[in-house]
file start_17.tsv (TSV, C-alpha atoms)
chain	number	residue	atom	x	y	z
A	1	MET	CA	157.58	112.62	132.88
A	2	ARG	CA	157.14	116.17	134.16
A	3	ILE	CA	153.78	117.79	133.38
A	4	ASP	CA	155.34	120.83	131.70
A	5	LYS	CA	157.35	118.62	129.33
A	6	PHE	CA	154.36	116.35	128.60
A	7	LEU	CA	152.18	119.34	127.68
A	8	LYS	CA	154.87	120.56	125.26
A	9	VAL	CA	155.53	117.13	123.69
A	10	SER	CA	151.79	116.44	123.31
A	11	ARG	CA	151.33	119.97	121.94
A	12	LEU	CA	148.46	120.75	124.31
A	13	ILE	CA	150.54	123.85	125.14
A	14	LYS	CA	152.98	125.18	122.55
A	15	ARG	CA	156.03	125.95	124.73
A	16	ARG	CA	157.38	124.35	127.90
A	17	SER	CA	157.92	127.75	129.55
A	18	VAL	CA	154.25	128.62	128.98
A	19	ALA	CA	153.23	125.25	130.45
A	20	ALA	CA	155.42	125.91	133.50
A	21	GLU	CA	153.88	129.39	133.96
A	22	ALA	CA	150.36	127.92	133.74
A	23	ALA	CA	151.25	125.32	136.39
A	24	ASP	CA	152.77	127.98	138.66
A	25	ALA	CA	149.55	129.99	138.34
A	26	GLY	CA	147.50	126.96	139.45
A	27	ARG	CA	145.72	126.49	136.10
A	28	ILE	CA	146.80	122.86	135.63
A	29	LYS	CA	145.42	119.94	137.64
A	30	ILE	CA	146.38	116.27	137.60
A	31	ASN	CA	143.66	113.93	138.87
A	32	GLY	CA	141.89	116.87	140.54
A	33	ARG	CA	144.98	118.23	142.34
A	34	VAL	CA	146.74	121.46	141.42
A	35	ALA	CA	150.07	120.56	139.82
A	36	LYS	CA	153.48	122.23	139.93
A	37	PRO	CA	155.60	122.21	136.75
A	38	SER	CA	157.69	119.35	138.15
A	39	ALA	CA	154.69	117.13	138.98
A	40	LYS	CA	154.97	113.66	137.47
A	41	VAL	CA	152.36	112.49	134.98
A	42	ALA	CA	151.70	108.83	134.17
A	43	VAL	CA	149.55	106.85	131.75
A	44	GLY	CA	145.92	106.96	132.87
A	45	ASP	CA	146.19	110.33	134.63
A	46	GLU	CA	143.54	112.97	133.95
A	47	ILE	CA	144.85	116.46	133.18
A	48	GLU	CA	142.71	119.59	133.46
A	49	ILE	CA	143.98	122.84	131.91
A	50	ALA	CA	142.22	126.18	132.38
A	51	PHE	CA	142.57	128.49	129.35
A	52	GLY	CA	140.80	131.64	130.54
A	53	ASP	CA	137.11	130.73	130.74
A	54	ARG	CA	137.59	127.43	128.87
A	55	VAL	CA	138.69	124.19	130.54
A	56	VAL	CA	140.28	121.31	128.62
A	57	ARG	CA	140.27	117.84	130.18
A	58	ALA	CA	142.46	115.10	128.73
A	59	GLU	CA	143.46	111.57	129.68
A	60	VAL	CA	147.09	110.51	129.20
A	61	LEU	CA	147.25	107.51	126.85
A	62	SER	CA	150.99	107.31	126.22
A	63	ILE	CA	154.22	109.03	127.23
A	64	LYS	CA	157.09	109.64	124.80
A	65	GLU	CA	160.17	111.84	125.11
A	66	THR	CA	159.69	113.23	121.59
A	67	THR	CA	157.00	112.91	118.97
A	68	LYS	CA	156.16	114.14	115.50
A	69	LYS	CA	153.47	116.76	115.05
A	70	GLU	CA	151.14	114.26	113.36
A	71	GLU	CA	151.48	111.73	116.20
A	72	ALA	CA	151.15	114.19	119.12
A	73	ALA	CA	147.36	113.75	119.38
A	74	GLU	CA	147.85	110.01	120.04
A	75	LEU	CA	149.41	110.77	123.44
A	76	TYR	CA	146.11	111.91	124.95
A	77	LYS	CA	142.33	111.69	124.64
A	78	ILE	CA	140.12	114.76	125.14
A	79	LEU	CA	137.36	114.06	127.68
call {"tool": "encode", "arguments": {"input": "start_17.tsv", "output": "structure tokens"}}
result
Amino acid sequence: MRIDKFLKVSRLIKRRSVAAEAADAGRIKINGRVAKPSAKVAVGDEIEIAFGDRVVRAEVLSIKETTKKEEAAELYKIL
């Protein structure tokens, strides 16, 4: 799955367009490498997102095309 779509589905970032902009700006890393919006993400990957001066690190636990709001947090684990 693309990183921009995963961030939207997992609700780490609210909108896919915002996730794509963050990736274009170099604020998203997958396994330590800067990721483009089309970068593929897989189970076990470590995602790092820079929100201003705060950095969020999460491990991908599951990938689903769609998910309910209550189940979104089950797709990742905050490190």
call {"tool": "atom_distance", "arguments": {"input": "start_17.tsv", "atom1": "atom CA of Leu61 of chain A", "atom2": "atom CA of Asp45 of chain A"}}
result
8.3 Å
call {"tool": "residues_around", "arguments": {"input": "start_17.tsv", "residues": "Ser62 of chain A", "least_positions_apart": "4", "cutoff": "10 Å", "atoms": "all atoms listed in the file", "output": "list in words"}}
result
Phe6, Ser10, Ala42, Val43, Gly44, Ala72, Glu74, Leu75, Tyr76 and Lys77 of chain A
call {"tool": "write_last_selection", "arguments": {"input": "start_17.tsv", "atoms": "C-alpha atoms", "output": "compact mmCIF listing (two decimals), in the frame of the given file"}}
result
# COMPACT_ATOMS: atom_id res chain seq x y z
CA PHE A 6 154.36 116.35 128.60
CA SER A 10 151.79 116.44 123.31
CA ALA A 42 151.70 108.83 134.17
CA VAL A 43 149.55 106.85 131.75
CA GLY A 44 145.92 106.96 132.87
CA ALA A 72 151.15 114.19 119.12
CA GLU A 74 147.85 110.01 120.04
CA LEU A 75 149.41 110.77 123.44
CA TYR A 76 146.11 111.91 124.95
CA LYS A 77 142.33 111.69 124.64
call {"tool": "atom_distance", "arguments": {"input": "start_17.tsv", "atom1": "atom CA of Lys5 of chain A", "atom2": "atom CA of Lys68 of chain A"}}
result
14.6 Å
call {"tool": "residues_around", "arguments": {"input": "start_17.tsv", "residues": "Gly32 of chain A", "least_positions_apart": "2", "cutoff": "8 Å", "atoms": "all atoms listed in the file", "output": "PyMOL selection string"}}
result
chain A and resi 29-30+34+46-48
call {"tool": "residues_around", "arguments": {"input": "start_17.tsv", "residues": "segment 13-27 of chain A", "least_positions_apart": "4", "cutoff": "12 Å", "atoms": "only C-alpha atoms", "output": "number ranges by chain"}}
result
A: 2-9, 32-39, 47-57, 69, 72
call {"tool": "atom_distance", "arguments": {"input": "start_17.tsv", "atom1": "atom CA of Lys64 of chain A", "atom2": "atom CA of Met1 of chain A"}}
result
8.6 Å
